[in-house]
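Visitor: My structure is stored as target_17.tsv, with TSV, C-alpha atoms.
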```tsv
chain	number	residue	atom	x	y	z
A	1	MET	CA	-35.59	7.50	-11.37
A	2	SER	CA	-32.77	7.24	-8.90
A	3	GLU	CA	-29.43	5.59	-9.68
A	4	PRO	CA	-29.00	2.05	-8.34
A	5	ARG	CA	-27.09	2.09	-5.09
A	6	THR	CA	-23.45	1.11	-5.31
A	7	PHE	CA	-22.09	-1.77	-3.24
A	8	LEU	CA	-20.18	0.78	-1.15
A	9	GLN	CA	-23.38	2.69	-0.44
A	10	GLU	CA	-25.11	-0.54	0.55
A	11	LEU	CA	-22.29	-1.34	2.99
A	12	LEU	CA	-22.52	2.15	4.51
A	13	ASP	CA	-26.32	1.99	4.71
A	14	ALA	CA	-26.14	-1.43	6.38
A	15	GLY	CA	-23.76	0.05	8.97
A	16	LEU	CA	-21.00	-2.46	8.16
A	17	PHE	CA	-18.72	0.39	7.09
A	18	ILE	CA	-18.61	3.88	8.61
A	19	ASP	CA	-17.42	6.67	6.34
A	20	THR	CA	-14.47	8.81	7.48
A	21	GLY	CA	-14.56	11.25	4.57
A	22	VAL	CA	-11.50	9.70	2.90
A	23	LYS	CA	-11.86	7.23	0.03
A	24	GLY	CA	-10.76	3.76	1.06
A	25	LEU	CA	-10.61	4.59	4.79
A	26	TYR	CA	-13.58	3.13	6.65
A	27	ALA	CA	-14.38	2.07	10.17
A	28	ARG	CA	-15.80	-1.45	10.50
A	29	SER	CA	-18.79	-2.51	12.58
A	30	GLY	CA	-18.81	-5.37	15.07
A	31	ALA	CA	-20.79	-7.51	12.64
A	32	PHE	CA	-18.18	-6.95	9.94
A	33	GLU	CA	-15.37	-7.78	12.38
A	34	HIS	CA	-17.15	-11.02	13.34
A	35	LEU	CA	-16.96	-11.95	9.67
A	36	ILE	CA	-13.28	-10.95	9.50
A	37	SER	CA	-12.44	-13.11	12.50
A	38	GLY	CA	-14.17	-16.10	10.87
A	39	ILE	CA	-12.11	-15.74	7.69
A	40	ASP	CA	-8.96	-15.13	9.72
A	41	SER	CA	-9.48	-18.36	11.70
A	42	ALA	CA	-10.40	-20.43	8.65
A	43	PHE	CA	-7.25	-19.29	6.85
A	44	ALA	CA	-5.04	-19.89	9.90
A	45	ALA	CA	-6.55	-23.37	10.25
A	46	LEU	CA	-5.42	-24.21	6.71
A	47	GLY	CA	-1.85	-23.43	7.73
A	48	ALA	CA	-1.98	-25.13	11.12
A	49	PRO	CA	-0.56	-28.50	9.94
A	50	GLU	CA	2.67	-26.69	9.06
A	51	ARG	CA	2.89	-25.40	12.64
A	52	PRO	CA	3.89	-21.87	11.61
A	53	GLU	CA	5.46	-19.48	14.10
A	54	VAL	CA	2.86	-16.79	14.78
A	55	VAL	CA	4.24	-13.22	14.63
A	56	ARG	CA	2.24	-9.98	14.70
A	57	PHE	CA	3.95	-6.82	13.48
A	58	PRO	CA	2.37	-3.40	13.94
A	59	PRO	CA	1.20	-1.77	10.68
A	60	GLY	CA	4.42	0.25	10.45
A	61	MET	CA	7.88	-1.05	9.57
A	62	ASN	CA	11.50	0.05	9.89
A	63	ARG	CA	12.13	2.60	7.12
A	64	ARG	CA	15.65	1.20	6.47
A	65	HIS	CA	14.18	-2.27	5.96
A	66	PHE	CA	11.53	-0.83	3.66
A	67	GLU	CA	14.16	1.01	1.59
A	68	LYS	CA	16.27	-2.11	1.20
A	69	SER	CA	13.30	-4.32	0.30
A	70	GLY	CA	13.07	-2.96	-3.26
A	71	TYR	CA	9.43	-1.90	-2.89
A	72	LEU	CA	10.18	1.62	-4.16
A	73	LYS	CA	11.62	0.20	-7.38
A	74	SER	CA	8.28	-1.41	-8.22
A	75	PHE	CA	5.49	0.50	-6.47
A	76	PRO	CA	6.61	4.01	-5.44
A	77	GLN	CA	3.07	5.26	-6.08
A	78	LEU	CA	1.54	2.96	-3.45
A	79	ALA	CA	3.95	3.53	-0.56
A	80	GLY	CA	2.99	5.53	2.52
A	81	THR	CA	5.72	7.07	4.64
A	82	VAL	CA	5.17	8.43	8.15
A	83	HIS	CA	6.26	12.03	8.62
A	84	ALA	CA	6.26	14.10	11.81
A	85	PHE	CA	6.87	17.63	13.01
A	86	CYS	CA	10.49	17.95	14.12
A	87	GLY	CA	10.83	21.74	14.09
A	88	SER	CA	11.45	24.56	16.57
A	89	HIS	CA	9.07	26.80	18.50
A	90	HIS	CA	9.28	29.22	15.58
A	91	ASP	CA	8.42	26.47	13.09
A	92	HIS	CA	5.47	25.52	15.26
A	93	GLN	CA	4.08	29.05	15.09
A	94	ASP	CA	4.58	28.98	11.33
A	95	LEU	CA	2.69	25.67	11.14
A	96	LEU	CA	-0.23	26.99	13.20
A	97	GLY	CA	-0.36	30.14	11.09
A	98	LYS	CA	-0.63	28.14	7.89
A	99	LEU	CA	-3.25	25.86	9.45
A	100	ALA	CA	-5.32	28.88	10.46
A	101	GLU	CA	-5.09	30.26	6.92
A	102	ASP	CA	-6.00	26.87	5.47
A	103	GLU	CA	-2.66	26.75	3.65
A	104	ASP	CA	-0.47	23.67	3.17
A	105	TRP	CA	1.21	23.19	6.56
A	106	THR	CA	2.93	19.89	5.74
A	107	GLY	CA	6.05	21.26	4.02
A	108	GLY	CA	8.11	21.19	7.22
A	109	GLN	CA	7.18	17.63	8.17
A	110	ALA	CA	10.20	15.32	8.27
A	111	ALA	CA	10.35	11.60	7.50
A	112	THR	CA	10.41	9.38	10.59
A	113	ASP	CA	12.00	5.93	10.85
A	114	VAL	CA	8.58	4.37	10.20
A	115	VAL	CA	6.94	3.45	6.89
A	116	LEU	CA	3.44	2.01	6.67
A	117	THR	CA	3.58	-1.72	5.98
A	118	PRO	CA	2.81	-2.36	2.28
A	119	ALA	CA	2.30	-6.13	2.65
A	120	ALA	CA	2.21	-8.21	5.81
A	121	CYS	CA	5.44	-10.13	5.10
A	122	TYR	CA	7.75	-7.18	4.33
A	123	PRO	CA	8.89	-6.66	7.96
A	124	LEU	CA	9.54	-10.40	8.44
A	125	TYR	CA	12.54	-11.17	6.22
A	126	PRO	CA	15.15	-8.90	7.87
A	127	VAL	CA	14.03	-10.07	11.31
A	128	VAL	CA	14.41	-13.74	10.37
A	129	ALA	CA	17.79	-13.03	8.73
A	130	GLN	CA	19.06	-11.65	12.04
A	131	ARG	CA	18.52	-15.08	13.62
A	132	GLY	CA	21.12	-16.66	11.34
A	133	PRO	CA	20.69	-19.63	8.95
A	134	LEU	CA	17.24	-21.25	8.82
A	135	PRO	CA	16.70	-24.49	10.72
A	136	LYS	CA	16.80	-27.77	8.79
A	137	GLY	CA	13.61	-27.96	6.69
A	138	GLY	CA	13.27	-24.17	6.59
A	139	ALA	CA	10.77	-22.05	8.50
A	140	THR	CA	7.10	-21.11	8.23
A	141	PHE	CA	5.40	-18.03	9.69
A	142	ASP	CA	1.82	-16.89	10.25
A	143	LEU	CA	1.46	-13.11	9.94
A	144	GLN	CA	-1.47	-10.72	10.00
A	145	SER	CA	-1.31	-6.96	9.72
A	146	TYR	CA	-3.08	-3.89	8.51
A	147	CYS	CA	-1.38	-2.79	5.28
A	148	PHE	CA	-1.37	0.56	3.51
A	149	ARG	CA	-1.55	1.29	-0.21
A	150	HIS	CA	-2.05	4.76	-1.55
A	151	GLU	CA	-4.80	4.13	-4.08
A	152	PRO	CA	-7.91	6.09	-3.08
A	153	SER	CA	-10.92	4.48	-4.75
A	154	ASP	CA	-14.71	4.22	-4.54
A	155	ASP	CA	-14.34	0.45	-4.84
A	156	PRO	CA	-14.84	-0.95	-1.32
A	157	ALA	CA	-12.61	-3.87	-2.36
A	158	ARG	CA	-9.71	-1.47	-2.93
A	159	MET	CA	-9.12	0.20	0.42
A	160	GLN	CA	-6.11	2.21	1.50
A	161	LEU	CA	-5.87	0.45	4.87
A	162	PHE	CA	-6.85	-3.20	4.99
A	163	ARG	CA	-5.77	-6.46	6.64
A	164	MET	CA	-3.75	-9.22	5.07
A	165	HIS	CA	-3.20	-12.62	6.68
A	166	GLU	CA	-0.17	-14.44	5.31
A	167	ILE	CA	1.56	-17.76	5.62
A	168	VAL	CA	5.22	-17.34	4.66
A	169	ARG	CA	7.66	-20.13	3.83
A	170	LEU	CA	11.44	-19.79	3.78
A	171	GLY	CA	13.70	-22.64	2.75
A	172	ALA	CA	15.36	-24.45	-0.14
A	173	SER	CA	13.86	-23.78	-3.57
A	174	ASP	CA	12.19	-27.20	-3.82
A	175	GLU	CA	10.62	-26.84	-0.36
A	176	VAL	CA	9.25	-23.43	-1.21
A	177	VAL	CA	7.94	-24.43	-4.65
A	178	GLU	CA	6.20	-27.44	-3.11
A	179	PHE	CA	4.66	-25.20	-0.42
A	180	ARG	CA	3.16	-22.86	-2.99
A	181	ALA	CA	1.79	-25.74	-5.08
A	182	ALA	CA	0.10	-27.23	-2.00
A	183	TRP	CA	-1.40	-23.88	-1.07
A	184	LEU	CA	-2.78	-23.32	-4.57
A	185	GLU	CA	-4.94	-26.39	-3.89
A	186	ARG	CA	-5.77	-25.45	-0.28
A	187	GLY	CA	-6.73	-21.90	-1.21
A	188	GLN	CA	-9.14	-23.09	-3.89
A	189	ALA	CA	-10.60	-25.66	-1.49
A	190	LEU	CA	-11.26	-22.92	1.09
A	191	ILE	CA	-13.03	-20.68	-1.42
A	192	ASN	CA	-15.08	-23.67	-2.60
A	193	ARG	CA	-16.16	-24.28	1.01
A	194	LEU	CA	-17.14	-20.61	1.20
A	195	GLU	CA	-19.25	-21.25	-1.93
A	196	LEU	CA	-17.81	-18.33	-3.87
A	197	PRO	CA	-17.32	-18.25	-7.65
A	198	PHE	CA	-13.67	-17.75	-8.57
A	199	THR	CA	-11.03	-17.97	-11.24
A	200	LEU	CA	-7.32	-18.53	-10.82
A	201	ASP	CA	-5.00	-16.43	-12.96
A	202	LEU	CA	-1.51	-15.03	-13.22
A	203	ALA	CA	-1.29	-11.69	-11.44
A	204	ASN	CA	-1.32	-8.30	-13.10
A	205	ASP	CA	0.42	-6.13	-10.50
A	206	PRO	CA	0.41	-2.34	-11.02
A	207	PHE	CA	4.19	-1.93	-11.36
A	208	PHE	CA	5.03	1.75	-11.78
A	209	GLY	CA	5.73	3.44	-15.10
A	210	ARG	CA	6.83	2.14	-18.52
A	211	GLY	CA	9.45	-0.10	-16.95
A	212	GLY	CA	6.60	-1.54	-14.92
A	213	LYS	CA	5.08	-3.05	-18.06
A	214	LEU	CA	8.27	-5.04	-18.50
A	215	MET	CA	8.30	-6.03	-14.82
A	216	ALA	CA	4.69	-7.21	-14.96
A	217	ALA	CA	5.31	-9.20	-18.15
A	218	GLY	CA	8.33	-10.85	-16.52
A	219	GLN	CA	6.32	-11.70	-13.41
A	220	ARG	CA	3.67	-13.35	-15.57
A	221	SER	CA	6.05	-15.23	-17.87
A	222	GLN	CA	7.88	-16.70	-14.87
A	223	GLN	CA	4.55	-17.54	-13.16
A	224	LEU	CA	5.76	-15.90	-9.95
A	225	LYS	CA	2.35	-14.82	-8.71
A	226	PHE	CA	-1.07	-16.42	-8.99
A	227	GLU	CA	-4.24	-14.76	-7.81
A	228	LEU	CA	-7.59	-16.23	-6.88
A	229	LEU	CA	-10.12	-13.73	-8.20
A	230	VAL	CA	-13.77	-13.26	-7.21
A	231	PRO	CA	-16.28	-10.80	-8.68
A	232	ILE	CA	-17.06	-8.33	-5.87
A	233	ARG	CA	-17.90	-4.81	-6.97
A	234	ASN	CA	-19.87	-6.08	-9.97
A	235	ASP	CA	-20.06	-9.22	-12.07
A	236	ASP	CA	-17.52	-8.08	-14.68
A	237	GLN	CA	-14.83	-6.89	-12.31
A	238	LEU	CA	-12.69	-9.54	-10.67
A	239	THR	CA	-10.85	-8.81	-7.43
A	240	ALA	CA	-7.94	-10.82	-6.05
A	241	CYS	CA	-8.87	-12.32	-2.67
A	242	LEU	CA	-5.91	-14.67	-2.32
A	243	SER	CA	-2.44	-14.48	-3.82
A	244	PHE	CA	0.22	-17.16	-4.12
A	245	ASN	CA	3.66	-15.62	-4.51
A	246	TYR	CA	7.03	-17.17	-5.23
A	247	HIS	CA	9.81	-14.61	-4.71
A	248	GLN	CA	12.59	-16.98	-5.85
A	249	ASP	CA	15.79	-15.78	-4.11
A	250	HIS	CA	14.85	-12.05	-4.16
A	251	PHE	CA	14.41	-11.67	-0.40
A	252	GLY	CA	17.05	-14.32	0.29
A	253	GLU	CA	19.65	-12.31	-1.62
A	254	THR	CA	18.44	-8.96	-0.28
A	255	TRP	CA	18.61	-10.00	3.38
A	256	GLY	CA	21.32	-12.68	3.28
A	257	LEU	CA	18.85	-15.40	4.27
A	258	ARG	CA	20.57	-18.78	4.29
A	259	THR	CA	19.23	-22.31	4.44
A	260	HIS	CA	20.54	-24.85	6.94
A	261	ASP	CA	22.95	-26.03	4.21
A	262	GLY	CA	24.24	-22.50	3.59
A	263	ASP	CA	22.50	-21.84	0.27
A	264	VAL	CA	20.58	-18.63	-0.45
A	265	ALA	CA	17.05	-19.18	0.85
A	266	HIS	CA	14.04	-19.00	-1.43
A	267	THR	CA	10.75	-17.59	-0.12
A	268	ALA	CA	7.06	-17.75	-0.92
A	269	CYS	CA	3.99	-16.29	0.71
A	270	ILE	CA	0.28	-16.97	0.53
A	271	GLY	CA	-1.89	-13.98	1.37
A	272	VAL	CA	-5.58	-13.53	1.92
A	273	GLY	CA	-7.20	-10.10	1.81
A	274	LEU	CA	-9.50	-10.32	4.84
A	275	GLU	CA	-11.79	-7.40	3.97
A	276	ARG	CA	-11.95	-8.43	0.32
A	277	THR	CA	-12.97	-11.96	1.21
A	278	ALA	CA	-15.58	-10.61	3.67
A	279	LEU	CA	-16.95	-8.36	0.94
A	280	ALA	CA	-17.04	-11.27	-1.50
A	281	LEU	CA	-19.10	-13.29	1.01
A	282	ILE	CA	-21.54	-10.42	1.54
A	283	ARG	CA	-21.79	-9.82	-2.19
A	284	HIS	CA	-22.60	-13.44	-3.00
A	285	HIS	CA	-24.50	-14.60	0.10
A	286	GLY	CA	-26.26	-11.38	1.07
A	287	PHE	CA	-26.30	-8.98	4.03
A	288	ASP	CA	-28.20	-11.39	6.30
A	289	VAL	CA	-25.46	-13.64	7.66
A	290	SER	CA	-28.00	-15.88	9.46
A	291	ALA	CA	-29.38	-16.84	6.02
A	292	TRP	CA	-25.99	-17.90	4.63
A	293	PRO	CA	-25.51	-21.56	3.63
A	294	THR	CA	-24.80	-23.81	6.61
A	295	GLY	CA	-21.50	-25.03	5.14
A	296	VAL	CA	-20.25	-21.47	4.78
A	297	ARG	CA	-21.13	-20.62	8.39
A	298	ARG	CA	-19.53	-23.81	9.61
A	299	THR	CA	-16.32	-23.03	7.72
A	300	LEU	CA	-16.18	-19.55	9.23
A	301	TRP	CA	-17.39	-20.10	12.76
A	302	GLY	CA	-17.74	-23.85	13.27
A	303	GLU	CA	-21.53	-23.44	13.52
A	304	GLY	CA	-24.22	-25.84	12.35
B	1	MET	CA	25.07	-1.31	-33.37
B	2	ILE	CA	25.73	-4.64	-31.62
B	3	ASP	CA	28.80	-3.18	-29.88
B	4	LYS	CA	26.75	-0.26	-28.62
B	5	ILE	CA	24.06	-2.65	-27.32
B	6	ARG	CA	26.73	-4.76	-25.64
B	7	ALA	CA	28.08	-1.64	-23.92
B	8	VAL	CA	24.64	-0.73	-22.55
B	9	VAL	CA	23.83	-4.29	-21.47
B	10	GLY	CA	27.26	-4.60	-19.89
B	11	GLU	CA	26.63	-1.45	-17.88
B	12	PHE	CA	23.11	-2.20	-16.63
B	13	ALA	CA	22.28	-5.93	-16.86
B	14	GLY	CA	24.49	-7.13	-14.02
B	15	VAL	CA	25.91	-9.97	-16.13
B	16	ASP	CA	29.40	-10.75	-17.47
B	17	ILE	CA	28.80	-9.56	-21.01
B	18	GLN	CA	32.27	-10.60	-22.27
B	19	SER	CA	31.46	-14.26	-21.76
B	20	LEU	CA	28.08	-14.14	-23.51
B	21	ALA	CA	27.29	-14.84	-27.16
B	22	ASP	CA	24.84	-12.54	-28.95
B	23	ASP	CA	22.11	-15.17	-28.74
B	24	ALA	CA	22.73	-16.11	-25.09
B	25	ASP	CA	19.77	-15.75	-22.72
B	26	LEU	CA	20.43	-12.70	-20.54
B	27	TYR	CA	17.83	-13.67	-17.91
B	28	ARG	CA	19.43	-17.10	-17.58
B	29	ALA	CA	22.80	-15.35	-17.21
B	30	GLY	CA	21.42	-13.52	-14.16
B	31	MET	CA	19.70	-10.35	-15.41
B	32	THR	CA	16.88	-9.54	-12.98
B	33	SER	CA	13.63	-7.92	-14.06
B	34	HIS	CA	14.70	-4.68	-12.34
B	35	ALA	CA	17.98	-4.80	-14.27
B	36	SER	CA	16.08	-5.35	-17.53
B	37	VAL	CA	14.22	-2.08	-16.88
B	38	GLN	CA	17.57	-0.32	-16.45
B	39	VAL	CA	18.78	-1.88	-19.72
B	40	MET	CA	15.63	-0.67	-21.47
B	41	LEU	CA	16.10	2.90	-20.23
B	42	GLY	CA	19.82	2.78	-21.09
B	43	LEU	CA	19.06	1.65	-24.65
B	44	GLU	CA	16.47	4.38	-25.10
B	45	GLU	CA	19.05	6.97	-24.14
B	46	ALA	CA	21.91	5.47	-26.17
B	47	PHE	CA	19.86	5.08	-29.37
B	48	ASP	CA	17.46	7.99	-28.83
B	49	VAL	CA	14.43	5.74	-29.28
B	50	GLU	CA	11.36	4.86	-27.27
B	51	PHE	CA	10.20	1.25	-27.05
B	52	ALA	CA	6.55	0.82	-28.05
B	53	GLU	CA	4.27	-0.54	-25.31
B	54	ASP	CA	3.86	-3.89	-27.05
B	55	MET	CA	7.66	-4.29	-27.15
B	56	LEU	CA	7.96	-4.06	-23.36
B	57	THR	CA	8.17	-7.81	-22.83
B	58	PRO	CA	10.93	-10.08	-21.51
B	59	GLU	CA	11.34	-11.52	-25.03
B	60	THR	CA	12.48	-8.15	-26.41
B	61	PHE	CA	15.35	-8.01	-23.92
B	62	ALA	CA	16.14	-11.72	-23.78
B	63	SER	CA	19.47	-11.52	-25.68
B	64	ILE	CA	21.80	-9.10	-27.43
B	65	ALA	CA	20.45	-10.36	-30.76
B	66	ALA	CA	16.82	-9.88	-29.70
B	67	ILE	CA	17.57	-6.34	-28.54
B	68	GLY	CA	19.31	-5.74	-31.90
B	69	ARG	CA	16.18	-6.73	-33.79
B	70	ALA	CA	14.05	-4.41	-31.67
B	71	ILE	CA	16.43	-1.48	-32.13
B	72	GLU	CA	16.40	-2.09	-35.90
B	73	VAL	CA	12.61	-1.87	-35.93
B	74	LEU	CA	12.64	1.34	-33.90
B	75	THR	CA	15.40	3.09	-35.85
B	76	ALA	CA	13.89	2.03	-39.22
B	77	GLY	CA	10.62	3.64	-38.08
B	78	ALA	CA	12.46	6.86	-37.22
B	79	ALA	CA	14.23	6.97	-40.59
B	80	ALA	CA	11.05	6.46	-42.64
```
Can you dump the structure from the file as structure tokens?
Guide:
Amino acid sequence: MSEPRTFLQELLDAGLFIDTGVKGLYARSGAFEHLISGIDSAFAALGAPERPEVVRFPPGMNRRHFEKSGYLKSFPQLAGTVHAFCGSHHDHQDLLGKLAEDEDWTGGQAATDVVLTPAACYPLYPVVAQRGPLPKGGATFDLQSYCFRHEPSDDPARMQLFRMHEIVRLGASDEVVEFRAAWLERGQALINRLELPFTLDLANDPFFGRGGKLMAAGQRSQQLKFELLVPIRNDDQLTACLSFNYHQDHFGETWGLRTHDGDVAHTACIGVGLERTALALIRHHGFDVSAWPTGVRRTLWGEG
Amino acid sequence: MIDKIRAVVGEFAGVDIQSLADDADLYRAGMTSHASVQVMLGLEEAFDVEFAEDMLTPETFASIAAIGRAIEVLTAGAAA
């Protein structure tokens, strides 16, 4: 008897994903992208009343900004840096020789000024800080970017390159706390309209090393990050599709972000994993999108 | 022991240790979670101990007194 097909295999067989030979690195079909654009629009529509400024960064960010962000303190194992050949003619011959011999040719690669974006909002804070103090009432941004995390996996809901759509709020602490509370409700309402089962819980981020256990416990005890979790890969394994993060004054202090009144700005961001949410929809409503509940299709594409 | 803990906390916690009582809340005094990790590693080196996984919580590092209790548990275990 053959093994039951995994969800990943089903996605590949259905042509929604195309394998590249690297775990967590898949091409997407047009049908899958249609689904992504529906989720993207539905999420953006939730944020529309706040009239966010729309900004699209490429999936790489300034290495200096990345270094200063503190990401390496928490998640060095997930970061992806961009390296390039910067050698001489002689070094080039050496590289080609190693390549021909199937030896490691990457030793001479040098770090560039670009790091792959780990989360859609990381490039935003230094750019906003350059503008000077925030306007009265703070500022809200709508971001969407491919993000990279080095965690090769057979779980299609844990890809190395995936898209995250975020709404980011910068302002006084009470404004930011209120924003996150409102979005906790909106996020749940959206997932209800998509007719997906979910639970809301405090996050369990994979902070690196033994110190990471302490970091994660601190994050939970201060309720800094909530996740909306949906079973995707199988019924027992929950995957975060939305996250609701309150950074307190971490980015405000790091980047010298000031409110209109001159105080250190607080920040929060709400993120949706676009591929994860698409996978959750496929998992729970099936591969035949035309057979999905009318309300779900209307939420995604305004149909019905 | 408390003096040694105060020295480590003073070096790594990023707070004004002179002004804090032994039972004062270090997080409230401004110790960040990253700083608490530095304090943990500093204590392990100073006392030649290793915190057990279930001790790696904010409560363990919440005050000089709390750290003192944890170090007592760890050093008692080593002596037994």
Visitor: Calculate how many Å separate CA of Thr112 in chain A from CA of Gly97 in chain A, rounding to one decimal.
Guide: 23.4 Å
Visitor: Grab the CA of Phe75 in chain A to CA of Thr117 in chain A distance for me, in Å with one decimal place.
Guide: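 Distance reported for this atom pair: 12.8 Å.
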Visitor: What residues in chain B lie within 12 Å of chain A, counting all atoms listed in the file, written as a PyMOL selection string?
Guide: chain B and resi 27-28+30-42+44+50-62
Visitor: Using only C-alpha atoms, determine which residues lie at most 9 Å from range 157-166 of chain A, disregarding the query and same-chain residues fewer than 3 positions distant; provide the list as a PyMOL selection string.
Guide: chain A and resi 8+23-26+40+43-44+119-121+141-154+232-233+239+269-277+279-280
Visitor: At what distance in Å, to one decimal, does CA of Ala84 in chain A lie from CA of Ala111 in chain A?
Guide: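 Interatomic distance here is 6.4 Å.
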Visitor: From the set B:Ile64, B:Ala29, B:Ile2, B:Ala76, which residue has the shortest atom-to-atom contact distance to Val15 in chain B, counting all atoms listed in the file?
Guide: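 Once distances to Val15 in chain B are computed over all atoms listed in the file, the minimum belongs to B:Ala29.
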Visitor: Return as JSON the centre and edge lengths, in Å with one decimal, of the box along x, y and z that encloses every atom of range 87-92 of chain A in the file, padded by 8 Å per side.
Guide:
```
{"center_x": 8.5, "center_y": 25.5, "center_z": 15.8, "size_x": 22.0, "size_y": 23.5, "size_z": 21.4}
```
Visitor: Using only C-alpha atoms for the distances, tell me which of A:Arg193, A:Arg64, A:Arg5, A:Lys136 is nearest to Gly295 in chain A.
Guide: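 Smallest distance to Gly295 in chain A is found for A:Arg193.
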Visitor: Could you check which of A:Ala42, A:Ala268, A:Leu124, A:Val115 is closest to Arg169 in chain A, using all atoms listed in the file?
Guide: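 For Arg169 in chain A, the nearest of the candidates is A:Ala268.
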Visitor: For Thr259 in chain A, which residue out of A:His90, A:Pro133, A:Glu3, A:Ser69 is the nearest one, using all atoms listed in the file?
Guide: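 Checking each of A:His90, A:Pro133, A:Glu3, A:Ser69 against Thr259 in chain A, counting all atoms listed in the file, the winner is A:Pro133.
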Visitor: Within 12 Å of Thr294 in chain A, counting only C-alpha atoms, which residues qualify if same-chain residues fewer than 3 places away don't, as a list in words?
Guide: Arg193, Leu194, Glu195, His285, Val289, Ser290, Ala291, Arg297, Arg298, Thr299, Leu300, Trp301, Gly302, Glu303 and Gly304 of chain A
Visitor: Under the rule that only C-alpha atoms are counted, which of A:Asn234, A:Thr199, A:Ser173, A:Gln223 is the nearest residue to Arg258 in chain A?
Guide: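 The closest residue to Arg258 in chain A is A:Ser173.
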Visitor: Which residues, written as a list in words, have at least one atom at most 8 Å from Gly68 in chain B, with all atoms listed in the file counted and residues fewer than 2 positions away on the same chain left out?
Guide: Met1, Ile2, Ile5, Ile64, Ala65, Ala66, Ala70, Ile71 and Glu72 of chain B
Visitor: Give as a list in words every residue, naming chains and numbers as the document does, that has an atom within 10 Å of (-6.8, -19.8, -3.1), counting only C-alpha atoms.
Guide: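 Those residues, ordered by chain and then number, are Phe43, Trp183, Leu184, Glu185, Arg186, Gly187, Gln188, Ala189, Leu190, Ile191, Asn192, Phe198, Thr199, Leu200, Phe226, Glu227, Leu228, Leu229, Ala240, Cys241, Leu242, Ser243, Phe244, Ile270, Gly271 and Val272 of chain A.
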